[in-house]
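Visitor: Starting off with a structure, shown below.
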Amino acid sequence: WQTGFLFYRRCILLVMATRNTGTSAILPFYEANIQREQESIRKKKKIKSTLAFSRLLIFLIGAGLFYYFWPAIGYAAIAAIGSLVLLSVLVLMDAGKTDEIKNHERLIRINRHEMDALQHQLGEYDDGRTFANPVHAYSSDLDLFGPASLFQFISRCEADQSKKLLADSLLKPLPIQTIREKQEAAKEVSGKMEWSQQFRSHAMAHPLSFQTEKRLLLWINDPDVLFKASYWKGIVTAFSLISLASLAAYIFDYLSLSDFTLFLVIFAGIAYGISSKITPAWALLSRIEPEMNALYEQLQALEQESFHAAFMNEVKSKTRVADNLPASAAIGQLRGILKRFDYRLNLVVSFFLNTFLLWDLRQLLALNDWKKKNREHLASWFSAVAETEVIISLASLVKNQPHWHFPKINDLYFNLQMQAMGHPLIPEEKCITNSFSMEGSGKIAIVTGSNMAGKSTFLRSLGTNLVLAYMGAPVYAASCEASHMFVLSSMRVADNLAENTSTFYAELKKLQYIIENVNQRKQVFILLDEVLRGTNSDDRHAGTKALIRQLIRQQAVCVIATHDTELAKTEATEHPAAISNYHFDGQIQGEELFFDYRLRRGICESLNATLLMKKIGIHFE
C-alpha cells in the first residue's frame, strides 16, 4: 500500500511538473526523487535488519553445533568453519547495503541542493570565496565569489580541481569554439540527470583534493631510486620460499624451536631493514585510498556512459591508457596496492607478512610497475573528472532554468543583443527583465536615474550574463547574441587600509587598468558605475566627460551609469552618433515613490531624490 501510494504521488508530481512553466515546474521533479530515495533507504534498512538477525542466528547455530560435536574435532571444525564462512558472507552483504544507503542519502542531499538553488537558499554551500580576487577586472563588481555569489549559485563541484576549473571559467572567457562545444555538452548532460546525480554522489563520498593530487604527482614523477633493479622480484620470491619452508619445517618438527627462533630473528631483521627504507614512500601515499575509491567510481561512470557531444567524448577519451585499458581499471589496481600497503598499520599482521613475505617490498615493486605504465596519464584523469563536474554544473542550470537560453557568440566587434534580460541571482518571480542592444565600436550608452531605480543592477545583469555566456552556460535572457570580448568594470570600489589606499585612488587604479586595455585596442566591454565618485562634483563632471571622449576616440564600447543628467545631455549633443541615452525612472503616488525597474530611452528628468530627502526630514525652502 505504501509503495503504491508513493508511486501514485510521484506520478501526480510529475504531471504537475509538465503543466507548470519556469523554475517552479522543476521542484516536483526533485521532490519525487527524494521520495524515491527515501523509500529505497527504508527497504535497505529492512534488509539490514534481516541480515543482522541472520548473523545472530547463524552464530548461535554454529556455536550449538560446535558444542554438540565436541570433542569430535573434525565435525566441530567443519561447523565452526562453515559458520564463519556464512558470517563473512553476511557481513559483506551488510557492508554493501550500508554503502547503498549512504549513496541514497547523498542523492537526497543532491536533490535538496537543487531545490535550495531553485529557491535561492544556498547559504550552507561552498561560495568559492577562496577564489575571490579584489583586483580582478570584474570579479568583485559582479559578485562572482562569496555569499550569494554566482559561483555558489551554479557550482555542483565537489573536487578541488573542479572548483578551480569552474572559477577559472568565470574569470576568463573561453575560446569561441570551446564555448559552443560546452553549450552542446551541457544540453546533452541536462537530459542525463540520473547519471549526473550519481556522478556527483561518487564525488561527495570522498572529494578529490589538491593535496592528494599533489602527493600522487610528486610520487609518480619522482624517478625510482630504491629497489628498481629487476632482480629484486627474484629476491622476494626466494625469500618467501625460504621463510615459509622454515615455518613448515618447524610445524612438522623438522626444525627445533631454537633454530626456528634464530631464523625468525634473521628474517625479521631483513624485513625491518627493507621496510624502514620503504616507509617514506608509504607516508607519501598513505590514507589516499578513499579518494582513489571516489576517483575509480567517477572514471567508471564516465567510461560507461555514451555521449553525442564532441566535448564529452573528448573528455571521455582521457580515460583510456596503454593497451586500451580503462582508467578506472588502472585506478582500481592502484587502490588495491594501497589497501594492501596499509596492512602495515596493523603491527601483528605487518610482522607476519613482512617476516615471511617481505610484504612492504612486494607492494613497492607493484607501485613501481604501476608508475611506469601510468605516469603519462594520471594528470589527465583528474582533468577528466574536473571537466565533467563543471559540465554537470552547467547542465543543472539548463535543467533548473528553462526560461534561460544559450547565447550566440561571434567574433564581430562590437555586437550585443539582449532580449528580456534579467539578473541571474534574482529569483524569476521577483526579477524585472529588460532588453538592450548596442552595435558598432566607439559607442557609449549613458544610463541615468535616481538611487534605487535599478542602474547598478542593470549593469551587473549585463556583466554577469556575459560571464555566463563566455563559460558555455545559458544566460538569463529570452535571446542573446554577443561579441567575444573581455569585460572590464569599475562599479564597487573600496579603500585598502593595508596599502594605505583611499577609495578615490583605488578607483583611479581601476580606471588606469581600463584605459591601458583600451589604448591597446583590445576587444573589451566596459561597465562603469558613478565614475570618480570620490571627488567633488566639478572634477567628477569634467573627468567623466574627458573619459567618455577618450573612449570614443579609441573606439571602445562602454555602458556608464550616472546621476549626472547634464553630462548625458552635453555628450548626446556633442557626439550624437556615439552616445545613446537610457534611464530608469520612478513613479510618485501621493507621498510614496515606486520603481518599476524598466529601462527606457532618453535622459531621466524626474527629481525623485528630492522626495526621498524630504521623507527623512530634510526641509527645502
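Going by the C-alpha cells order, chains are called A, B, ..., each with residues numbered from 1, while ligands are numbered from 1 in the order shown.
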Could you pull out the residues in stretch 6-201 of chain A that DSSP calls helix (DSSP H, G or I) from the backbone, as a PyMOL selection string?

Guide: chain A and resi 6-19+23-25+27-69+73-118+129-131+150-154+160-171+176-190+193-201

Visitor: Could you dump the residues just selected with C-alpha atoms as a tab-separated table (two decimals), in the first residue's frame?

Guide:
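What landed in out21.tsv:
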```tsv
chain	number	residue	atom	x	y	z
A	6	LEU	CA	4.30	6.75	-3.21
A	7	PHE	CA	4.18	5.73	-6.87
A	8	TYR	CA	0.81	7.49	-7.27
A	9	ARG	CA	2.11	10.62	-5.55
A	10	ARG	CA	5.18	10.66	-7.76
A	11	CYS	CA	3.05	10.40	-10.90
A	12	ILE	CA	0.89	13.31	-9.71
A	13	LEU	CA	4.00	15.42	-9.05
A	14	LEU	CA	5.42	14.65	-12.48
A	15	VAL	CA	2.12	15.51	-14.17
A	16	MET	CA	2.06	18.81	-12.27
A	17	ALA	CA	5.62	19.46	-13.42
A	18	THR	CA	4.66	19.05	-17.07
A	19	ARG	CA	1.84	21.57	-16.69
A	23	THR	CA	11.65	27.09	-12.21
A	24	SER	CA	8.62	26.16	-10.06
A	25	ALA	CA	7.91	23.34	-12.52
A	27	LEU	CA	10.55	21.41	-7.84
A	28	PRO	CA	8.17	18.42	-8.08
A	29	PHE	CA	10.83	16.54	-10.06
A	30	TYR	CA	13.32	16.82	-7.19
A	31	GLU	CA	10.64	16.15	-4.57
A	32	ALA	CA	9.77	12.92	-6.36
A	33	ASN	CA	13.46	11.95	-6.47
A	34	ILE	CA	13.77	12.49	-2.72
A	35	GLN	CA	10.68	10.37	-2.08
A	36	ARG	CA	12.13	7.58	-4.22
A	37	GLU	CA	15.49	7.65	-2.42
A	38	GLN	CA	13.82	7.67	1.00
A	39	GLU	CA	11.77	4.63	0.02
A	40	SER	CA	14.95	2.87	-1.14
A	41	ILE	CA	16.63	3.64	2.19
A	42	ARG	CA	13.64	2.18	4.05
A	43	LYS	CA	13.89	-1.05	2.04
A	44	LYS	CA	17.65	-1.31	2.51
A	45	LYS	CA	17.35	-0.81	6.26
A	46	LYS	CA	14.76	-3.55	6.41
A	47	ILE	CA	17.19	-5.87	4.61
A	48	LYS	CA	19.97	-4.86	7.05
A	49	SER	CA	17.73	-5.79	9.97
A	50	THR	CA	17.13	-9.20	8.38
A	51	LEU	CA	20.87	-9.67	7.86
A	52	ALA	CA	21.58	-8.74	11.47
A	53	PHE	CA	19.07	-11.31	12.71
A	54	SER	CA	20.52	-13.90	10.31
A	55	ARG	CA	24.05	-13.28	11.63
A	56	LEU	CA	22.89	-13.81	15.19
A	57	LEU	CA	21.00	-16.96	14.23
A	58	ILE	CA	23.96	-18.46	12.33
A	59	PHE	CA	26.30	-17.64	15.20
A	60	LEU	CA	24.03	-19.40	17.67
A	61	ILE	CA	23.55	-22.41	15.36
A	62	GLY	CA	27.30	-22.62	14.74
A	63	ALA	CA	28.09	-22.42	18.45
A	64	GLY	CA	25.45	-25.06	19.15
A	65	LEU	CA	26.80	-27.45	16.51
A	66	PHE	CA	30.35	-26.90	17.73
A	67	TYR	CA	29.27	-27.76	21.28
A	68	TYR	CA	27.20	-30.74	20.06
A	69	PHE	CA	30.02	-32.35	18.05
A	73	ILE	CA	37.31	-32.24	16.32
A	74	GLY	CA	36.64	-32.88	12.62
A	75	TYR	CA	32.90	-32.29	12.80
A	76	ALA	CA	33.33	-29.40	15.25
A	77	ALA	CA	35.84	-27.75	12.93
A	78	ILE	CA	33.50	-28.14	9.95
A	79	ALA	CA	30.68	-26.50	11.95
A	80	ALA	CA	32.96	-23.64	13.05
A	81	ILE	CA	34.42	-23.01	9.60
A	82	GLY	CA	31.01	-23.23	7.92
A	83	SER	CA	29.57	-20.73	10.38
A	84	LEU	CA	32.49	-18.33	9.87
A	85	VAL	CA	32.12	-18.51	6.09
A	86	LEU	CA	28.39	-17.77	6.28
A	87	LEU	CA	29.00	-14.96	8.77
A	88	SER	CA	31.63	-13.45	6.48
A	89	VAL	CA	29.23	-13.52	3.53
A	90	LEU	CA	26.53	-11.83	5.60
A	91	VAL	CA	28.97	-9.20	6.87
A	92	LEU	CA	29.97	-8.38	3.29
A	93	MET	CA	26.31	-8.19	2.27
A	94	ASP	CA	25.62	-5.88	5.20
A	95	ALA	CA	28.55	-3.64	4.27
A	96	GLY	CA	27.22	-3.47	0.71
A	97	LYS	CA	23.80	-2.38	1.95
A	98	THR	CA	25.43	0.24	4.19
A	99	ASP	CA	27.25	1.68	1.17
A	100	GLU	CA	24.00	1.70	-0.81
A	101	ILE	CA	22.20	3.55	1.99
A	102	LYS	CA	24.96	6.15	2.13
A	103	ASN	CA	24.64	6.58	-1.63
A	104	HIS	CA	20.88	7.14	-1.33
A	105	GLU	CA	21.49	9.67	1.47
A	106	ARG	CA	23.94	11.57	-0.73
A	107	LEU	CA	21.42	11.57	-3.58
A	108	ILE	CA	18.84	13.07	-1.21
A	109	ARG	CA	21.30	15.84	-0.32
A	110	ILE	CA	21.93	16.45	-4.02
A	111	ASN	CA	18.23	16.83	-4.78
A	112	ARG	CA	17.76	19.11	-1.79
A	113	HIS	CA	20.67	21.21	-3.07
A	114	GLU	CA	18.84	21.62	-6.37
A	115	MET	CA	15.64	22.63	-4.57
A	116	ASP	CA	17.60	25.14	-2.49
A	117	ALA	CA	19.16	26.54	-5.66
A	118	LEU	CA	15.74	26.98	-7.24
A	129	ARG	CA	35.47	32.76	-1.56
A	130	THR	CA	38.96	31.24	-1.81
A	131	PHE	CA	38.96	32.28	-5.48
A	150	LEU	CA	27.32	33.38	-8.94
A	151	PHE	CA	29.79	30.61	-8.04
A	152	GLN	CA	27.63	29.50	-5.13
A	153	PHE	CA	24.55	29.51	-7.38
A	154	ILE	CA	25.93	27.43	-10.25
A	160	ASP	CA	39.10	20.97	-5.54
A	161	GLN	CA	40.21	20.63	-9.15
A	162	SER	CA	36.64	21.07	-10.40
A	163	LYS	CA	36.02	24.16	-8.29
A	164	LYS	CA	39.25	25.73	-9.54
A	165	LEU	CA	38.33	24.99	-13.16
A	166	LEU	CA	34.86	26.49	-12.67
A	167	ALA	CA	36.35	29.59	-11.06
A	168	ASP	CA	38.84	29.99	-13.92
A	169	SER	CA	35.97	29.78	-16.42
A	170	LEU	CA	34.22	32.61	-14.59
A	171	LEU	CA	37.34	34.77	-14.55
A	176	ILE	CA	34.50	30.64	-29.07
A	177	GLN	CA	34.78	27.04	-30.25
A	178	THR	CA	35.12	25.76	-26.68
A	179	ILE	CA	32.06	27.81	-25.66
A	180	ARG	CA	29.99	26.19	-28.40
A	181	GLU	CA	31.21	22.72	-27.50
A	182	LYS	CA	30.39	23.24	-23.82
A	183	GLN	CA	26.92	24.51	-24.71
A	184	GLU	CA	26.30	21.31	-26.66
A	185	ALA	CA	27.65	19.19	-23.80
A	186	ALA	CA	25.55	20.99	-21.17
A	187	LYS	CA	22.40	20.47	-23.25
A	188	GLU	CA	23.06	16.75	-23.54
A	189	VAL	CA	24.02	16.18	-19.90
A	190	SER	CA	20.94	18.13	-18.73
A	193	MET	CA	20.11	13.88	-14.58
A	194	GLU	CA	20.10	10.41	-13.03
A	195	TRP	CA	23.62	9.80	-14.35
A	196	SER	CA	24.92	13.23	-13.34
A	197	GLN	CA	23.47	12.94	-9.83
A	198	GLN	CA	25.11	9.54	-9.39
A	199	PHE	CA	28.39	11.02	-10.62
A	200	ARG	CA	28.05	13.77	-8.01
A	201	SER	CA	27.26	11.18	-5.34
```

Visitor: Within 6 Å of A:Leu488, counting only C-alpha atoms, which residues qualify if same-chain residues fewer than 4 places away don't, as a list in words?

Guide: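 Final neighbour list, sorted by chain and number: Ala137, Tyr138 and Ile526 of chain A.
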
Visitor: Counting only C-alpha atoms, figure out which residue out of A:Leu244, A:Asp596, A:Ala366, A:Asn324 gets nearest to A:Lys430.

Guide: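 Of all the options, A:Asp596 lies closest to A:Lys430.
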
Visitor: Would you pick out the contacts of stretch 331-345 of chain A at 9 Å or less, using only C-alpha atoms, so that residues sharing its chain but fewer than 4 positions from it are not included, and give the list as a list of chain:residue names?

Guide: A:Trp282, A:Leu285, A:Ser286, A:Arg287, A:Ile288, A:Glu289, A:Pro290, A:Met292, A:Asn293, A:Leu295, A:Tyr296, A:Leu299, A:Pro326, A:Ala327, A:Val349, A:Ser350, A:Phe351, A:Leu353, A:Asn354, A:Trp359, A:Asp360, A:Arg362, A:Gln363, A:Leu364, A:Ala366, A:Leu367, A:Trp370

Visitor: Give one line per residue of stretch 347-462 of chain A that approaches stretch 216-219 of chain A to at most 12 Å, naming the two atoms of the closest pair and their distance in Å to one decimal, counting only C-alpha atoms; sort by chain then ascending residue number and deliver it as a tab-separated table.

Guide:
```
residue	atom	partner	partner_atom	distance
A:Leu364	CA	A:Trp219	CA	11.9
A:Leu367	CA	A:Trp219	CA	10.0
A:Asn368	CA	A:Trp219	CA	10.0
A:Trp370	CA	A:Trp219	CA	11.6
A:Lys371	CA	A:Trp219	CA	8.7
A:Lys372	CA	A:Trp219	CA	11.6
A:Asn374	CA	A:Leu217	CA	11.0
A:Arg375	CA	A:Leu217	CA	8.5
A:Glu376	CA	A:Leu217	CA	10.2
A:His377	CA	A:Leu217	CA	10.5
A:Leu378	CA	A:Leu217	CA	7.7
A:Ala379	CA	A:Leu217	CA	7.5
A:Ser380	CA	A:Leu217	CA	11.3
A:Trp381	CA	A:Leu217	CA	11.7
A:Phe382	CA	A:Leu217	CA	10.7
```

Visitor: Pick from A:Ala577, A:Leu361, A:Ala395, A:Asp141: nearest to A:Thr279, with only C-alpha atoms counted?

Guide: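 Ranking A:Ala577, A:Leu361, A:Ala395, A:Asp141 by distance to A:Thr279, first place goes to A:Leu361.
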
Visitor: May I ask for the distance between atom CA of A:Phe525 and atom CA of A:Pro402, given in Å to one decimal place?

Guide: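 Taking atom CA of A:Phe525 as the start and atom CA of A:Pro402 as the end point, the length is 27.4 Å.
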
Visitor: Quick one: residues within 7 Å of A:Asp529, only C-alpha atoms counted, chain neighbours fewer than 3 positions away excluded, as an mmCIF file with N, CA and C atoms, in the first residue's frame?

Guide:
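The result, stored in part37.cif:
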```cif
data_model
loop_
_atom_site.group_PDB
_atom_site.id
_atom_site.type_symbol
_atom_site.label_atom_id
_atom_site.label_comp_id
_atom_site.auth_asym_id
_atom_site.auth_seq_id
_atom_site.Cartn_x
_atom_site.Cartn_y
_atom_site.Cartn_z
ATOM 1 N N SER A 456 22.526 50.186 -11.234
ATOM 2 C CA SER A 456 23.627 49.271 -10.909
ATOM 3 C C SER A 456 23.240 47.821 -11.178
ATOM 4 N N SER A 490 34.210 49.028 -13.384
ATOM 5 C CA SER A 490 34.544 49.811 -12.185
ATOM 6 C C SER A 490 33.220 50.222 -11.580
ATOM 7 N N MET A 491 32.779 49.434 -10.610
ATOM 8 C CA MET A 491 31.448 49.639 -10.052
ATOM 9 C C MET A 491 31.459 49.685 -8.528
ATOM 10 N N ILE A 560 27.728 53.411 -19.063
ATOM 11 C CA ILE A 560 28.011 54.202 -17.867
ATOM 12 C C ILE A 560 26.706 54.532 -17.156
ATOM 13 N N ALA A 561 26.654 54.258 -15.870
ATOM 14 C CA ALA A 561 25.525 54.661 -15.037
ATOM 15 C C ALA A 561 25.929 55.908 -14.261
ATOM 16 N N THR A 562 25.071 56.931 -14.257
ATOM 17 C CA THR A 562 25.425 58.186 -13.589
ATOM 18 C C THR A 562 24.174 58.937 -13.150
#
```

Visitor: Any idea what the distance is between atom CA of A:Gly463 and atom CA of A:Arg600?

Guide: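 Going from atom CA of A:Gly463 over to atom CA of A:Arg600, I get 19.1 Å.
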
Visitor: Select from stretch 470-551 of chain A everything DSSP, run on the backbone, classes as strand (DSSP E or B), then give the selection as number ranges by chain.

Guide: A: 475, 479-483, 486-490, 496, 501, 524-529

Visitor: Write the residues you've just listed into a file as a tab-separated table (two decimals), in the first residue's frame, and include N, CA, C and O atoms for each of them.

Guide:
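Full text of again37.tsv as output:
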```tsv
chain	number	residue	atom	x	y	z
A	475	VAL	N	22.15	31.89	-20.42
A	475	VAL	CA	22.05	33.21	-19.79
A	475	VAL	C	20.59	33.51	-19.48
A	475	VAL	O	19.68	32.95	-20.09
A	479	SER	N	16.71	35.79	-25.51
A	479	SER	CA	17.68	35.55	-26.57
A	479	SER	C	18.88	36.44	-26.32
A	479	SER	O	18.77	37.50	-25.70
A	480	CYS	N	20.03	36.00	-26.81
A	480	CYS	CA	21.25	36.77	-26.59
A	480	CYS	C	22.21	36.50	-27.74
A	480	CYS	O	22.43	35.35	-28.12
A	481	GLU	N	22.77	37.56	-28.27
A	481	GLU	CA	23.84	37.46	-29.25
A	481	GLU	C	24.90	38.47	-28.84
A	481	GLU	O	24.59	39.64	-28.56
A	482	ALA	N	26.14	38.02	-28.76
A	482	ALA	CA	27.19	38.90	-28.25
A	482	ALA	C	28.51	38.63	-28.93
A	482	ALA	O	28.80	37.50	-29.35
A	483	SER	N	29.32	39.68	-29.02
A	483	SER	CA	30.69	39.54	-29.50
A	483	SER	C	31.52	38.84	-28.44
A	483	SER	O	31.21	38.89	-27.24
A	486	PHE	N	36.27	40.78	-23.62
A	486	PHE	CA	36.61	40.70	-22.20
A	486	PHE	C	35.89	41.83	-21.48
A	486	PHE	O	35.89	42.98	-21.94
A	487	VAL	N	35.25	41.51	-20.36
A	487	VAL	CA	34.50	42.50	-19.59
A	487	VAL	C	35.46	43.23	-18.65
A	487	VAL	O	36.28	42.61	-17.97
A	488	LEU	N	35.35	44.55	-18.62
A	488	LEU	CA	36.07	45.39	-17.66
A	488	LEU	C	35.05	46.22	-16.91
A	488	LEU	O	34.08	46.70	-17.51
A	489	SER	N	35.24	46.40	-15.61
A	489	SER	CA	34.25	47.15	-14.84
A	489	SER	C	34.90	47.96	-13.74
A	489	SER	O	35.98	47.64	-13.25
A	490	SER	N	34.21	49.03	-13.38
A	490	SER	CA	34.54	49.81	-12.18
A	490	SER	C	33.22	50.22	-11.58
A	490	SER	O	32.61	51.21	-11.98
A	496	ASN	N	41.69	50.47	0.76
A	496	ASN	CA	42.55	49.38	1.23
A	496	ASN	C	43.47	49.94	2.30
A	496	ASN	O	44.46	50.58	1.99
A	501	THR	N	45.45	52.94	0.78
A	501	THR	CA	44.85	53.39	-0.47
A	501	THR	C	43.44	53.90	-0.20
A	501	THR	O	42.62	53.19	0.37
A	524	VAL	N	37.10	44.89	-25.67
A	524	VAL	CA	36.60	44.90	-24.29
A	524	VAL	C	35.21	45.53	-24.26
A	524	VAL	O	34.82	46.30	-25.15
A	525	PHE	N	34.48	45.19	-23.22
A	525	PHE	CA	33.18	45.78	-22.94
A	525	PHE	C	33.25	46.35	-21.54
A	525	PHE	O	33.47	45.62	-20.57
A	526	ILE	N	33.06	47.67	-21.41
A	526	ILE	CA	33.33	48.38	-20.16
A	526	ILE	C	32.02	48.73	-19.47
A	526	ILE	O	31.08	49.24	-20.10
A	527	LEU	N	31.98	48.48	-18.16
A	527	LEU	CA	30.84	48.82	-17.32
A	527	LEU	C	31.32	49.76	-16.21
A	527	LEU	O	32.19	49.39	-15.42
A	528	LEU	N	30.77	50.97	-16.17
A	528	LEU	CA	31.19	51.97	-15.19
A	528	LEU	C	29.97	52.46	-14.43
A	528	LEU	O	28.95	52.82	-15.03
A	529	ASP	N	30.09	52.51	-13.11
A	529	ASP	CA	29.00	52.98	-12.26
A	529	ASP	C	29.48	54.17	-11.44
A	529	ASP	O	30.36	54.03	-10.58
```

Visitor: In Å to one decimal, how far is atom CA of A:Ala469 from atom CA of A:Ala310?

Guide: 18.9 Å

Visitor: I need the residue nearest A:Leu241 from this list: A:Gln298, A:Ser149, A:Thr355, A:Ser258. Use only C-alpha atoms for the distance.

Guide: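 Closest residue, counting only C-alpha atoms: A:Thr355.
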
Visitor: Skipping near chain neighbours, those fewer than 2 positions away, what residues fall within 12 Å of A:Ala477 using only C-alpha atoms, listed as an MDAnalysis selection string?

Guide: chainID A and resid 401:408 417:424 428 431:436 461:462 464:466 468:469 473:475 479:481
